[in-house]
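S.K.: The file below is my_file.cif, mmCIF, C-alpha atoms:
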data_upload
loop_
_atom_site.label_atom_id
_atom_site.label_comp_id
_atom_site.auth_asym_id
_atom_site.auth_seq_id
_atom_site.Cartn_x
_atom_site.Cartn_y
_atom_site.Cartn_z
CA MET A 1 7.53 -15.22 -26.61
CA SER A 2 9.77 -18.22 -26.93
CA GLY A 3 11.51 -17.58 -23.70
CA GLY A 4 11.69 -20.75 -21.63
CA ALA A 5 12.04 -23.49 -24.16
CA GLN A 6 12.85 -27.17 -23.93
CA ILE A 7 14.89 -27.45 -27.12
CA PRO A 8 15.18 -30.79 -28.92
CA SER A 9 18.76 -31.80 -28.22
CA HIS A 10 19.61 -33.37 -31.56
CA ALA A 11 18.65 -30.19 -33.42
CA MET A 12 20.70 -28.04 -31.05
CA SER A 13 23.82 -30.18 -31.36
CA LYS A 14 24.34 -29.06 -34.95
CA SER A 15 25.72 -25.65 -35.87
CA VAL A 16 25.37 -23.84 -39.17
CA GLU A 17 28.16 -22.15 -41.12
CA LYS A 18 26.12 -19.12 -42.21
CA ASN A 19 22.89 -17.45 -41.21
CA ALA A 20 19.65 -18.27 -42.96
CA PRO A 21 18.25 -15.65 -45.38
CA LEU A 22 16.76 -12.62 -43.65
CA PRO A 23 13.16 -13.39 -44.77
CA GLU A 24 13.32 -16.72 -42.95
CA ILE A 25 14.72 -15.16 -39.79
CA LEU A 26 11.96 -12.56 -39.86
CA ALA A 27 9.38 -15.30 -40.46
CA TRP A 28 10.74 -17.13 -37.42
CA ALA A 29 10.52 -13.95 -35.32
CA ALA A 30 6.95 -13.44 -36.55
CA TYR A 31 5.91 -16.36 -34.36
CA ASP A 32 6.95 -14.39 -31.28
CA VAL A 33 4.78 -11.52 -32.49
CA ALA A 34 1.91 -13.99 -32.87
CA ASN A 35 2.09 -15.99 -29.66
CA SER A 36 2.74 -12.95 -27.47
CA THR A 37 -0.93 -12.05 -27.80
CA TYR A 38 -1.82 -15.21 -25.89
CA GLY A 39 0.88 -14.81 -23.25
CA THR A 40 0.19 -11.10 -22.73
CA VAL A 41 -3.56 -10.64 -23.25
CA VAL A 42 -4.99 -14.03 -22.32
CA CYS A 43 -2.65 -15.17 -19.53
CA THR A 44 -1.62 -11.86 -18.00
CA ALA A 45 -3.96 -8.96 -18.69
CA VAL A 46 -7.49 -10.23 -19.35
CA TYR A 47 -8.65 -13.82 -19.19
CA ASN A 48 -7.03 -15.05 -15.96
CA ALA A 49 -8.71 -12.24 -14.01
CA TYR A 50 -11.99 -12.86 -15.90
CA TYR A 51 -11.78 -16.54 -14.94
CA VAL A 52 -11.49 -15.67 -11.24
CA HIS A 53 -13.86 -12.70 -11.15
CA VAL A 54 -16.62 -13.86 -13.52
CA ILE A 55 -16.46 -17.53 -14.49
CA THR A 56 -15.75 -18.80 -10.97
CA GLY A 57 -17.04 -15.67 -9.21
CA ALA A 58 -20.17 -15.02 -7.18
CA GLY A 59 -22.53 -16.07 -9.96
CA SER A 60 -20.94 -19.51 -10.30
CA GLY A 61 -22.11 -20.78 -6.92
CA LEU A 62 -18.56 -21.68 -5.89
CA PRO A 63 -17.23 -20.64 -2.46
CA GLU A 64 -15.11 -17.49 -2.40
CA GLY A 65 -11.46 -18.15 -3.24
CA VAL A 66 -12.03 -21.41 -5.11
CA GLY A 67 -11.58 -19.63 -8.44
CA THR A 68 -8.04 -18.52 -7.56
CA LEU A 69 -7.15 -22.02 -6.40
CA LEU A 70 -8.54 -23.50 -9.62
CA LEU A 71 -6.59 -20.99 -11.74
CA THR A 72 -3.33 -21.77 -9.98
CA ALA A 73 -4.05 -25.49 -10.44
CA ILE A 74 -4.58 -24.89 -14.18
CA ILE A 75 -1.25 -23.06 -14.46
CA CYS A 76 0.48 -25.79 -12.46
CA LEU A 77 -0.96 -28.77 -14.33
CA SER A 78 -0.49 -27.29 -17.80
CA SER A 79 3.14 -26.40 -17.04
CA LEU A 80 3.82 -29.89 -15.70
CA ALA A 81 2.18 -31.36 -18.81
CA VAL A 82 4.58 -29.39 -21.04
CA VAL A 83 7.57 -30.59 -18.99
CA ALA A 84 6.35 -34.21 -19.07
CA THR A 85 5.74 -34.26 -22.82
CA ALA A 86 8.71 -32.14 -23.94
CA PRO A 87 11.27 -35.01 -23.99
CA ILE A 88 8.88 -37.11 -26.07
CA VAL A 89 7.96 -34.30 -28.47
CA GLY A 90 11.65 -33.38 -28.81
CA THR A 91 12.60 -36.96 -29.63
CA ILE A 92 9.81 -37.29 -32.21
CA CYS A 93 10.91 -34.04 -33.86
CA ASP A 94 14.55 -35.16 -33.92
CA ALA A 95 13.60 -38.53 -35.40
CA THR A 96 11.23 -37.23 -38.08
CA ALA A 97 12.49 -33.66 -38.70
CA ARG A 98 8.91 -32.41 -38.65
CA LYS A 99 9.10 -29.63 -36.10
CA LYS A 100 7.13 -27.26 -38.30
CA ARG A 101 4.26 -29.71 -38.71
CA VAL A 102 4.07 -30.34 -34.96
CA LEU A 103 4.36 -26.57 -34.35
CA PHE A 104 1.45 -25.97 -36.73
CA ILE A 105 -0.72 -28.51 -34.90
CA SER A 106 0.09 -27.07 -31.46
CA THR A 107 -0.57 -23.53 -32.74
CA MET A 108 -3.92 -24.38 -34.27
CA VAL A 109 -5.07 -26.15 -31.09
CA CYS A 110 -4.14 -23.08 -29.04
CA VAL A 111 -5.81 -20.75 -31.56
CA ALA A 112 -9.02 -22.79 -31.62
CA GLY A 113 -9.02 -23.08 -27.84
CA THR A 114 -8.55 -19.32 -27.44
CA ALA A 115 -11.52 -18.66 -29.73
CA LEU A 116 -13.61 -21.11 -27.69
CA LEU A 117 -12.65 -19.29 -24.49
CA GLY A 118 -14.81 -16.52 -25.93
CA GLN A 119 -17.81 -18.83 -25.52
CA THR A 120 -17.31 -19.18 -21.76
CA GLY A 121 -19.11 -17.04 -19.21
CA THR A 122 -20.54 -17.02 -15.71
CA GLY A 123 -20.76 -20.52 -14.31
CA SER A 124 -19.13 -22.36 -17.25
CA VAL A 125 -16.42 -23.55 -14.87
CA VAL A 126 -15.77 -27.01 -16.32
CA GLU A 127 -15.57 -25.83 -19.93
CA ALA A 128 -13.35 -22.85 -19.13
CA THR A 129 -11.06 -24.91 -16.90
CA LEU A 130 -10.52 -27.61 -19.51
CA LEU A 131 -10.06 -25.10 -22.35
CA LEU A 132 -7.58 -22.93 -20.45
CA THR A 133 -5.55 -25.99 -19.43
CA VAL A 134 -5.35 -27.23 -23.02
CA CYS A 135 -4.54 -23.77 -24.39
CA ASN A 136 -1.76 -23.22 -21.85
CA MET A 137 -0.25 -26.61 -22.59
CA PHE A 138 -0.19 -26.22 -26.37
CA PHE A 139 1.00 -22.62 -26.06
CA GLY A 140 3.98 -23.84 -23.99
CA THR A 141 4.72 -26.64 -26.44
CA GLY A 142 4.68 -24.14 -29.31
CA GLU A 143 7.20 -21.96 -27.44
CA ASP A 144 9.51 -24.95 -27.18
CA LEU A 145 9.18 -25.95 -30.81
CA VAL A 146 9.79 -22.52 -32.35
CA ALA A 147 12.90 -22.10 -30.19
CA ALA A 148 14.27 -25.34 -31.65
CA PHE A 149 14.59 -23.65 -35.06
CA LEU A 150 17.11 -21.10 -33.78
CA PRO A 151 20.29 -23.20 -34.25
CA GLU A 152 19.23 -23.93 -37.82
CA LEU A 153 18.93 -20.21 -38.59
CA ALA A 154 21.98 -18.60 -36.99
CA THR A 155 25.67 -19.27 -36.46
CA LYS A 156 27.05 -19.52 -32.94
CA LYS A 157 28.36 -15.97 -33.29
CA ASP A 158 25.00 -14.51 -34.32
CA MET A 159 22.67 -16.72 -32.28
CA GLY A 160 22.36 -14.19 -29.46
CA ARG A 161 21.52 -11.38 -31.89
CA VAL A 162 18.91 -13.45 -33.72
CA SER A 163 17.46 -14.69 -30.44
CA SER A 164 17.14 -11.11 -29.16
CA LEU A 165 15.22 -10.30 -32.34
CA GLY A 166 12.61 -12.82 -31.24
CA TRP A 167 12.41 -11.29 -27.76
CA ALA A 168 12.01 -7.80 -29.25
CA ALA A 169 9.37 -9.07 -31.69
CA GLY A 170 7.48 -10.59 -28.77
CA TYR A 171 7.38 -7.25 -26.97
CA VAL A 172 6.15 -5.56 -30.15
CA GLY A 173 3.43 -8.17 -30.62
CA GLY A 174 2.37 -7.94 -26.99
CA LEU A 175 2.17 -4.16 -27.08
CA PHE A 176 0.24 -4.21 -30.38
CA SER A 177 -2.36 -6.73 -29.25
CA LEU A 178 -2.67 -5.08 -25.83
CA GLY A 179 -3.13 -1.69 -27.48
CA ILE A 180 -5.96 -2.94 -29.68
CA SER A 181 -7.54 -4.76 -26.72
CA PHE A 182 -7.32 -1.61 -24.60
CA ALA A 183 -8.94 0.52 -27.30
CA TYR A 184 -11.82 -1.92 -27.69
CA VAL A 185 -12.36 -2.45 -23.94
CA HIS A 186 -12.29 1.35 -23.40
CA TRP A 187 -14.91 1.77 -26.13
CA ALA A 188 -17.08 -1.05 -24.74
CA ILE A 189 -16.98 0.16 -21.14
CA HIS A 190 -17.96 3.68 -22.12
CA ARG A 191 -21.01 2.24 -23.87
CA GLY A 192 -22.08 0.36 -20.78
CA HIS A 193 -21.01 -3.12 -21.89
CA ALA A 194 -20.20 -5.69 -19.21
CA SER A 195 -17.08 -7.86 -19.18
CA THR A 196 -19.21 -10.79 -20.34
CA ASP A 197 -19.82 -8.78 -23.51
CA TYR A 198 -16.31 -7.55 -24.35
CA VAL A 199 -13.98 -10.27 -23.00
CA PRO A 200 -15.35 -12.86 -25.47
CA VAL A 201 -14.65 -10.42 -28.33
CA VAL A 202 -11.09 -9.89 -27.05
CA MET A 203 -10.56 -13.67 -26.98
CA ARG A 204 -11.70 -14.03 -30.60
CA PHE A 205 -9.44 -11.16 -31.61
CA CYS A 206 -6.50 -12.91 -29.91
CA ALA A 207 -7.24 -16.12 -31.77
CA ILE A 208 -7.41 -14.35 -35.13
CA PHE A 209 -4.25 -12.32 -34.44
CA PHE A 210 -2.35 -15.45 -33.36
CA ALA A 211 -3.36 -17.32 -36.52
CA VAL A 212 -2.69 -14.47 -38.97
CA ALA A 213 0.60 -13.26 -37.43
CA SER A 214 2.02 -16.80 -37.32
CA ALA A 215 1.24 -17.45 -41.01
CA PRO A 216 4.69 -16.22 -42.24
CA THR A 217 6.33 -18.80 -39.98
CA PHE A 218 4.52 -21.66 -41.67
CA LEU A 219 4.74 -20.24 -45.20
CA ILE A 220 8.38 -19.09 -45.27
CA LEU A 221 10.38 -20.85 -42.56
CA LYS A 222 12.14 -23.99 -43.82
CA GLU A 223 12.74 -27.26 -41.99
CA ARG A 224 16.51 -27.74 -42.25
CA ALA A 225 16.96 -30.59 -39.80
CA LEU A 226 17.33 -34.08 -41.24
CA PRO A 227 15.54 -37.15 -39.86
CA ASP A 228 17.59 -39.37 -37.56
CA PRO A 229 16.84 -42.96 -38.62
CA LYS A 230 18.54 -44.39 -35.53
CA LEU A 231 16.01 -42.72 -33.25
CA LYS A 232 13.09 -44.26 -35.14
CA GLN A 233 14.23 -47.69 -33.97
CA HIS A 234 13.50 -46.83 -30.33
CA ASN A 235 10.44 -46.25 -28.22
CA PHE A 236 10.03 -42.46 -28.28
CA VAL A 237 8.72 -42.25 -24.71
CA ALA A 238 11.52 -44.31 -23.16
CA LEU A 239 14.19 -42.69 -25.32
CA GLY A 240 12.96 -39.16 -24.58
CA PHE A 241 13.27 -39.60 -20.82
CA SER A 242 16.55 -41.49 -21.21
CA ARG A 243 18.02 -38.50 -23.04
CA LEU A 244 16.73 -36.16 -20.32
CA LYS A 245 18.35 -38.34 -17.66
CA THR A 246 21.65 -38.20 -19.57
CA THR A 247 21.43 -34.40 -19.69
CA LEU A 248 20.82 -34.22 -15.93
CA THR A 249 23.88 -36.43 -15.41
CA HIS A 250 26.02 -34.17 -17.58
CA VAL A 251 25.00 -30.95 -15.86
CA GLN A 252 26.22 -32.22 -12.48
CA HIS A 253 29.81 -31.96 -13.76
CA TYR A 254 29.41 -28.18 -13.96
CA LYS A 255 29.10 -26.88 -10.39
CA ASP A 256 28.25 -23.28 -11.15
CA LEU A 257 25.78 -24.18 -13.89
CA PHE A 258 24.08 -26.67 -11.57
CA ASN A 259 23.89 -24.11 -8.74
CA PHE A 260 22.57 -21.48 -11.12
CA LEU A 261 19.80 -23.77 -12.39
CA ILE A 262 18.67 -24.12 -8.77
CA THR A 263 18.80 -20.33 -8.42
CA LEU A 264 16.87 -19.94 -11.66
CA PHE A 265 14.17 -22.33 -10.46
CA LEU A 266 13.77 -20.47 -7.15
CA TYR A 267 13.44 -16.94 -8.47
CA SER A 268 11.34 -18.11 -11.43
CA CYS A 269 8.80 -19.47 -8.92
CA GLY A 270 8.31 -15.83 -8.02
CA THR A 271 8.52 -14.16 -11.43
CA THR A 272 6.16 -16.51 -13.24
CA THR A 273 3.59 -16.38 -10.41
CA VAL A 274 3.53 -12.58 -10.40
CA ILE A 275 3.25 -12.43 -14.20
CA HIS A 276 0.33 -14.89 -14.31
CA LEU A 277 -1.57 -13.52 -11.31
CA ALA A 278 -0.85 -9.78 -11.44
CA SER A 279 -4.22 -8.84 -12.93
CA VAL A 280 -6.05 -11.16 -10.51
CA TYR A 281 -4.38 -9.44 -7.55
CA ALA A 282 -5.02 -5.99 -9.00
CA GLN A 283 -8.75 -6.64 -9.54
CA GLU A 284 -9.43 -8.57 -6.35
CA VAL A 285 -7.45 -6.37 -3.92
CA ILE A 286 -7.07 -2.88 -5.41
CA LYS A 287 -10.34 -3.13 -7.40
CA PHE A 288 -8.78 -2.47 -10.80
CA THR A 289 -11.19 -2.59 -13.71
CA PRO A 290 -10.24 -4.75 -16.73
CA GLN A 291 -9.38 -1.48 -18.47
CA ASP A 292 -7.02 -0.56 -15.59
CA SER A 293 -5.34 -3.98 -15.76
CA ILE A 294 -4.76 -3.80 -19.52
CA THR A 295 -3.33 -0.29 -19.18
CA MET A 296 -1.00 -1.40 -16.40
CA ILE A 297 0.31 -4.42 -18.32
CA LEU A 298 0.73 -2.24 -21.42
CA VAL A 299 2.92 0.24 -19.55
CA VAL A 300 4.82 -2.52 -17.74
CA ASN A 301 5.76 -4.07 -21.10
CA ILE A 302 7.30 -0.74 -22.12
CA THR A 303 9.07 -0.45 -18.76
CA ALA A 304 10.37 -4.01 -19.15
CA ALA A 305 11.89 -3.21 -22.54
CA ILE A 306 13.57 -0.10 -21.09
CA GLY A 307 14.81 -2.09 -18.09
CA ALA A 308 16.29 -4.78 -20.33
CA VAL A 309 18.27 -2.15 -22.24
CA ILE A 310 19.49 -0.38 -19.08
CA PHE A 311 20.56 -3.58 -17.36
CA GLY A 312 22.26 -4.73 -20.55
CA PHE A 313 24.71 -1.87 -20.02
CA VAL A 314 24.89 -2.62 -16.28
CA GLN A 315 25.75 -6.25 -17.02
CA ASP A 316 28.64 -5.17 -19.25
CA LYS A 317 29.99 -3.05 -16.39
CA VAL A 318 29.54 -5.23 -13.31
CA GLY A 319 28.88 -8.74 -14.66
CA ALA A 320 25.82 -10.98 -14.87
CA ILE A 321 25.79 -12.21 -11.24
CA LYS A 322 25.81 -8.72 -9.70
CA THR A 323 23.25 -7.54 -12.24
CA LEU A 324 20.94 -10.42 -11.36
CA ALA A 325 21.39 -9.70 -7.64
CA ILE A 326 20.30 -6.09 -8.27
CA THR A 327 17.23 -7.12 -10.25
CA LEU A 328 16.18 -9.73 -7.64
CA THR A 329 16.45 -7.02 -4.98
CA ILE A 330 14.16 -4.81 -7.09
CA TRP A 331 11.71 -7.70 -7.45
CA THR A 332 11.66 -8.17 -3.66
CA LEU A 333 11.03 -4.46 -3.04
CA ALA A 334 8.31 -4.43 -5.69
CA ILE A 335 6.52 -7.39 -4.11
CA GLY A 336 6.64 -5.68 -0.71
CA GLY A 337 5.20 -2.54 -2.30
CA ALA A 338 2.41 -4.49 -4.02
CA ALA A 339 1.46 -6.27 -0.79
CA ALA A 340 1.30 -2.96 1.08
CA ALA A 341 -0.48 -1.02 -1.70
CA GLN A 342 -3.59 0.82 -0.55
CA ASN A 343 -4.58 2.47 -3.82
CA LYS A 344 -4.04 2.28 -7.55
CA MET A 345 -1.05 4.65 -7.56
CA HIS A 346 0.80 2.48 -5.03
CA LEU A 347 0.26 -0.61 -7.19
CA TRP A 348 1.32 1.28 -10.32
CA ILE A 349 4.64 2.11 -8.68
CA ALA A 350 5.18 -1.51 -7.65
CA ALA A 351 4.18 -2.78 -11.11
CA ASN A 352 6.68 -0.55 -12.87
CA LEU A 353 9.43 -1.67 -10.49
CA VAL A 354 8.55 -5.20 -11.61
CA GLY A 355 8.76 -4.04 -15.22
CA ILE A 356 12.24 -2.59 -14.75
CA ALA A 357 13.50 -5.88 -13.33
CA MET A 358 11.45 -8.30 -15.45
CA GLY A 359 13.14 -8.02 -18.83
CA ALA A 360 16.62 -8.03 -17.31
CA THR A 361 15.92 -11.09 -15.13
CA GLY A 362 14.92 -13.19 -18.14
CA SER A 363 17.69 -12.09 -20.47
CA VAL A 364 20.49 -12.34 -17.87
CA GLY A 365 19.31 -15.79 -16.79
CA ARG A 366 19.36 -17.18 -20.31
CA ALA A 367 22.74 -15.58 -21.01
CA LEU A 368 24.30 -17.18 -17.93
CA VAL A 369 23.09 -20.66 -18.84
CA ALA A 370 24.49 -20.18 -22.35
CA GLN A 371 27.83 -18.97 -20.94
CA PHE A 372 28.10 -21.84 -18.46
CA ALA A 373 27.24 -24.52 -21.06
CA PRO A 374 30.01 -26.17 -23.09
CA PRO A 375 29.43 -25.50 -26.81
CA GLU A 376 28.78 -29.16 -27.64
CA ARG A 377 26.02 -29.37 -25.01
CA SER A 378 24.44 -25.94 -25.32
CA GLY A 379 21.17 -27.43 -26.58
CA GLU A 380 20.89 -29.88 -23.70
CA PHE A 381 21.54 -27.29 -21.04
CA LEU A 382 19.39 -24.55 -22.57
CA GLY A 383 16.68 -27.19 -22.57
CA LEU A 384 17.16 -27.57 -18.83
CA TRP A 385 16.74 -23.81 -18.53
CA GLY A 386 13.28 -24.23 -20.07
CA VAL A 387 12.45 -27.18 -17.81
CA ALA A 388 13.46 -25.17 -14.72
CA VAL A 389 11.25 -22.22 -15.73
CA LYS A 390 8.20 -24.38 -16.45
CA LEU A 391 8.62 -26.38 -13.24
CA ALA A 392 8.89 -23.08 -11.40
CA THR A 393 5.69 -21.89 -13.08
CA ALA A 394 3.90 -24.98 -11.78
CA PHE A 395 5.32 -24.82 -8.26
CA GLY A 396 4.96 -21.07 -7.84
CA ALA A 397 1.35 -21.01 -9.02
CA ILE A 398 0.16 -23.84 -6.81
CA SER A 399 1.99 -22.41 -3.78
CA PHE A 400 0.24 -19.05 -4.33
CA GLY A 401 -3.10 -20.85 -4.46
CA ALA A 402 -2.31 -22.86 -1.33
CA VAL A 403 -1.24 -19.78 0.66
CA SER A 404 -4.37 -17.95 -0.48
CA MET A 405 -6.57 -20.84 0.65
CA LEU A 406 -4.80 -21.33 4.00
CA THR A 407 -5.06 -17.61 4.81
CA HIS A 408 -8.76 -17.48 3.88
CA ASN A 409 -8.22 -15.60 0.60
CA ASN A 410 -5.68 -13.11 1.96
CA TYR A 411 -4.27 -12.08 -1.42
CA ARG A 412 -1.85 -9.64 0.19
CA PHE A 413 -0.18 -12.40 2.16
CA ALA A 414 -0.22 -14.67 -0.88
CA ILE A 415 1.57 -12.12 -3.09
CA LEU A 416 4.00 -11.33 -0.25
CA SER A 417 4.86 -15.03 0.02
CA THR A 418 6.40 -14.89 -3.47
CA ALA A 419 9.13 -12.62 -2.07
CA VAL A 420 10.50 -15.70 -0.29
CA TYR A 421 11.50 -17.13 -3.68
CA PHE A 422 13.48 -14.01 -4.60
CA ILE A 423 15.27 -14.02 -1.24
CA LEU A 424 16.12 -17.73 -1.56
CA GLY A 425 17.26 -17.07 -5.12
CA MET A 426 19.65 -14.36 -3.93
CA LEU A 427 21.06 -16.72 -1.28
CA THR A 428 21.76 -19.52 -3.77
CA LEU A 429 23.09 -16.99 -6.30
CA SER A 430 25.90 -16.25 -3.85
CA ARG A 431 27.20 -19.78 -4.52
CA VAL A 432 27.59 -19.10 -8.24
CA ASN A 433 30.97 -17.88 -9.51
CA GLU A 434 30.61 -16.36 -12.96
CA GLN A 435 34.23 -16.59 -14.08
CA ARG A 436 34.66 -20.12 -12.72
CA GLY A 437 31.48 -21.23 -14.50
CA ILE A 438 32.66 -19.78 -17.81
CA ALA A 439 36.06 -21.42 -17.41
CA ALA A 440 34.45 -24.81 -16.64
CA ALA A 441 32.45 -24.61 -19.87
CA ARG A 442 35.75 -24.61 -21.78
CA GLN A 443 37.00 -27.75 -20.05
CA SER A 444 36.64 -31.25 -21.44
CA PHE A 445 35.29 -34.18 -19.44
CA PRO A 446 36.33 -37.42 -21.17
CA GLU A 447 33.86 -39.45 -19.09
CA LEU A 448 30.98 -37.47 -20.60
CA VAL A 449 32.02 -38.33 -24.14
CA ALA A 450 32.53 -41.95 -23.14
CA GLY A 451 29.09 -41.95 -21.52
CA ASP A 452 27.38 -40.81 -24.73
#
As structure tokens, please, write out the structure in this file.
M.R.:
Amino acid sequence: MSGGAQIPSHAMSKSVEKNAPLPEILAWAAYDVANSTYGTVVCTAVYNAYYVHVITGAGSGLPEGVGTLLLTAIICLSSLAVVATAPIVGTICDATARKKRVLFISTMVCVAGTALLGQTGTGSVVEATLLLTVCNMFFGTGEDLVAAFLPELATKKDMGRVSSLGWAAGYVGGLFSLGISFAYVHWAIHRGHASTDYVPVVMRFCAIFFAVASAPTFLILKERALPDPKLKQHNFVALGFSRLKTTLTHVQHYKDLFNFLITLFLYSCGTTTVIHLASVYAQEVIKFTPQDSITMILVVNITAAIGAVIFGFVQDKVGAIKTLAITLTIWTLAIGGAAAAQNKMHLWIAANLVGIAMGATGSVGRALVAQFAPPERSGEFLGLWGVAVKLATAFGAISFGAVSMLTHNNYRFAILSTAVYFILGMLTLSRVNEQRGIAAARQSFPELVAGD
């Protein structure tokens, strides 16, 4: 799903007078259906746990616990790579107006890499590590690029509705691909197949599904942005980071937005770590089978959709800040429950608490950044939202790996350590005033305009 995106700022600075035709909007949303199979099946439910349990497991010759540390390093490095390259990719897309071409390249690299993951098995540590790093990086870049089409497709008034269509499509795609994966894994296990037999098949299915489901995006979606000749006269690398520096300067004029981005980074260190490592924890500590993990993630996706709807009503009643405080409290309780879990039922309860809070945390966070951003800089600041989430993904993952290593592979303590991020997030959230932040977004700062 195109959730945490670094959006090219030039594209976001332009608004459209009417929505694009419905077929194009649906073609855009189709990409969320497509890429959700990688985010849900590969990263969350199946391959990450397979990497730790099989590829870097007992048969690899590596010391116990090294696989988890390597996986967290992969997540960290690939997230940092997306953050480091996003300003450059965004500038190139703004200069050439070729987002769709770059999106196609990033998609095909991720698709090919996912198919090749199906060739990895016990002991193929180097190949799997390199492939997973590349796949994660190009998957994240694709998320950023598809999000950059949104302001070309919808008016300011309808942008939220169209954006939510993408989120919903992502849940549908994730549930569909998980459902097929579950059916196949269930069939394979009951016929005595090992994970080295059925995980490669699941990876090839994910690659095919990603490629086929994204086809409408490349066949129907139009590139409406126009090239910016002035940008072509500059060095793309230097200009990309110069524009990012300007954005960071601008955001400091908005106290509540700045404080909320810090809050977002802190709690996202926890949310992204749990999402990426849930199946690893379940299999290593509670002895879930791959079939158990897929079933759990399948149900949690449904719970997340229900939670997003429920907390949408709660947000209308009590406001975004109080709603986020409630969901972060639920996250903290869920992490405590997961760390204390002694059997599968205990972990199921904790996982579904996570599901209830997960969808709401993401949607409320994005909504607050959008509300706190002045209209003329919405693209810049929504881009910072994406940067904060990806930096959090990197920091949270490597901290989990470090805690696991320092505690001699105590996964319970490692998962419990993520609760610190939710507690810190709640503390910094108390410094954010929702009404003041919204009011500041309506103010004008002449020095910002002069500084452009």
S.K.: Find, counting all atoms listed in the file, the residue in A:His186, A:His276, A:Arg442, A:Arg436 that gets nearest to Ile297 of chain A.
M.R.: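 Comparing A:His186, A:His276, A:Arg442, A:Arg436 against Ile297 of chain A, the winner is A:His276.
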S.K.: Using all atoms of segment 140-157 of chain A that appear in the file, construct an axis-aligned enclosing box with 8 Å of padding on every side and provide its centre coordinates and edge lengths in Å, rounded to one decimal, as AutoDock Vina command-line options.
M.R.:
--center_x 16.2 --center_y -21.3 --center_z -31.3 --size_x 40.4 --size_y 26.7 --size_z 30.6
S.K.: Hey, can you check how far atom CA of Leu69 of chain A sits from atom CA of Thr107 of chain A?
M.R.: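 Going from atom CA of Leu69 of chain A over to atom CA of Thr107 of chain A, I get 27.2 Å.
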S.K.: Take the PyMOL selection byres ((chain A and resi 409) around 12), apply it to the structure above, and return the hits as a list in words.
M.R.: Pro63, Glu64, Gly65, Val66, Gly67, Thr68, Leu69, Tyr281, Glu284, Val285, Phe400, Gly401, Ala402, Val403, Ser404, Met405, Leu406, Thr407, His408, Asn410, Tyr411, Arg412, Phe413, Ala414 and Ile415 of chain A
S.K.: Go through A:Ser181, A:Thr37, A:Ser78, A:Gln315 one by one, measure the shortest atom-to-atom distance of each to Gly365 of chain A using only C-alpha atoms, and give the residue with the smallest value.
M.R.: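 Of A:Ser181, A:Thr37, A:Ser78, A:Gln315, the one nearest Gly365 of chain A, counting only C-alpha atoms, is A:Gln315.
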S.K.: Find the residue from A:Val102, A:Val33, A:Val432, A:Leu70 that sits nearest to Thr56 of chain A; use all atoms listed in the file when measuring.
M.R.: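 Checking each of A:Val102, A:Val33, A:Val432, A:Leu70 against Thr56 of chain A, counting all atoms listed in the file, the winner is A:Leu70.
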S.K.: Please expand the PyMOL selection byres ((chain A and resi 123) around 6) into the concrete residues it hits in this file, giving the result as a VMD selection string.
M.R.: chain A and resid 55 60 122 124 to 125
S.K.: Would you work out the distance separating atom CA of Phe104 of chain A from atom CA of Phe218 of chain A, expressed in Å to one decimal?
M.R.: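 Atom-to-atom, atom CA of Phe104 of chain A to atom CA of Phe218 of chain A, that is 7.2 Å.
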S.K.: For the PyMOL selection byres ((chain A and resi 214) around 8), applied here, can you spell out every residue it catches as a PyMOL selection string?
M.R.: chain A and resi 30-31+33-35+210-213+215-218
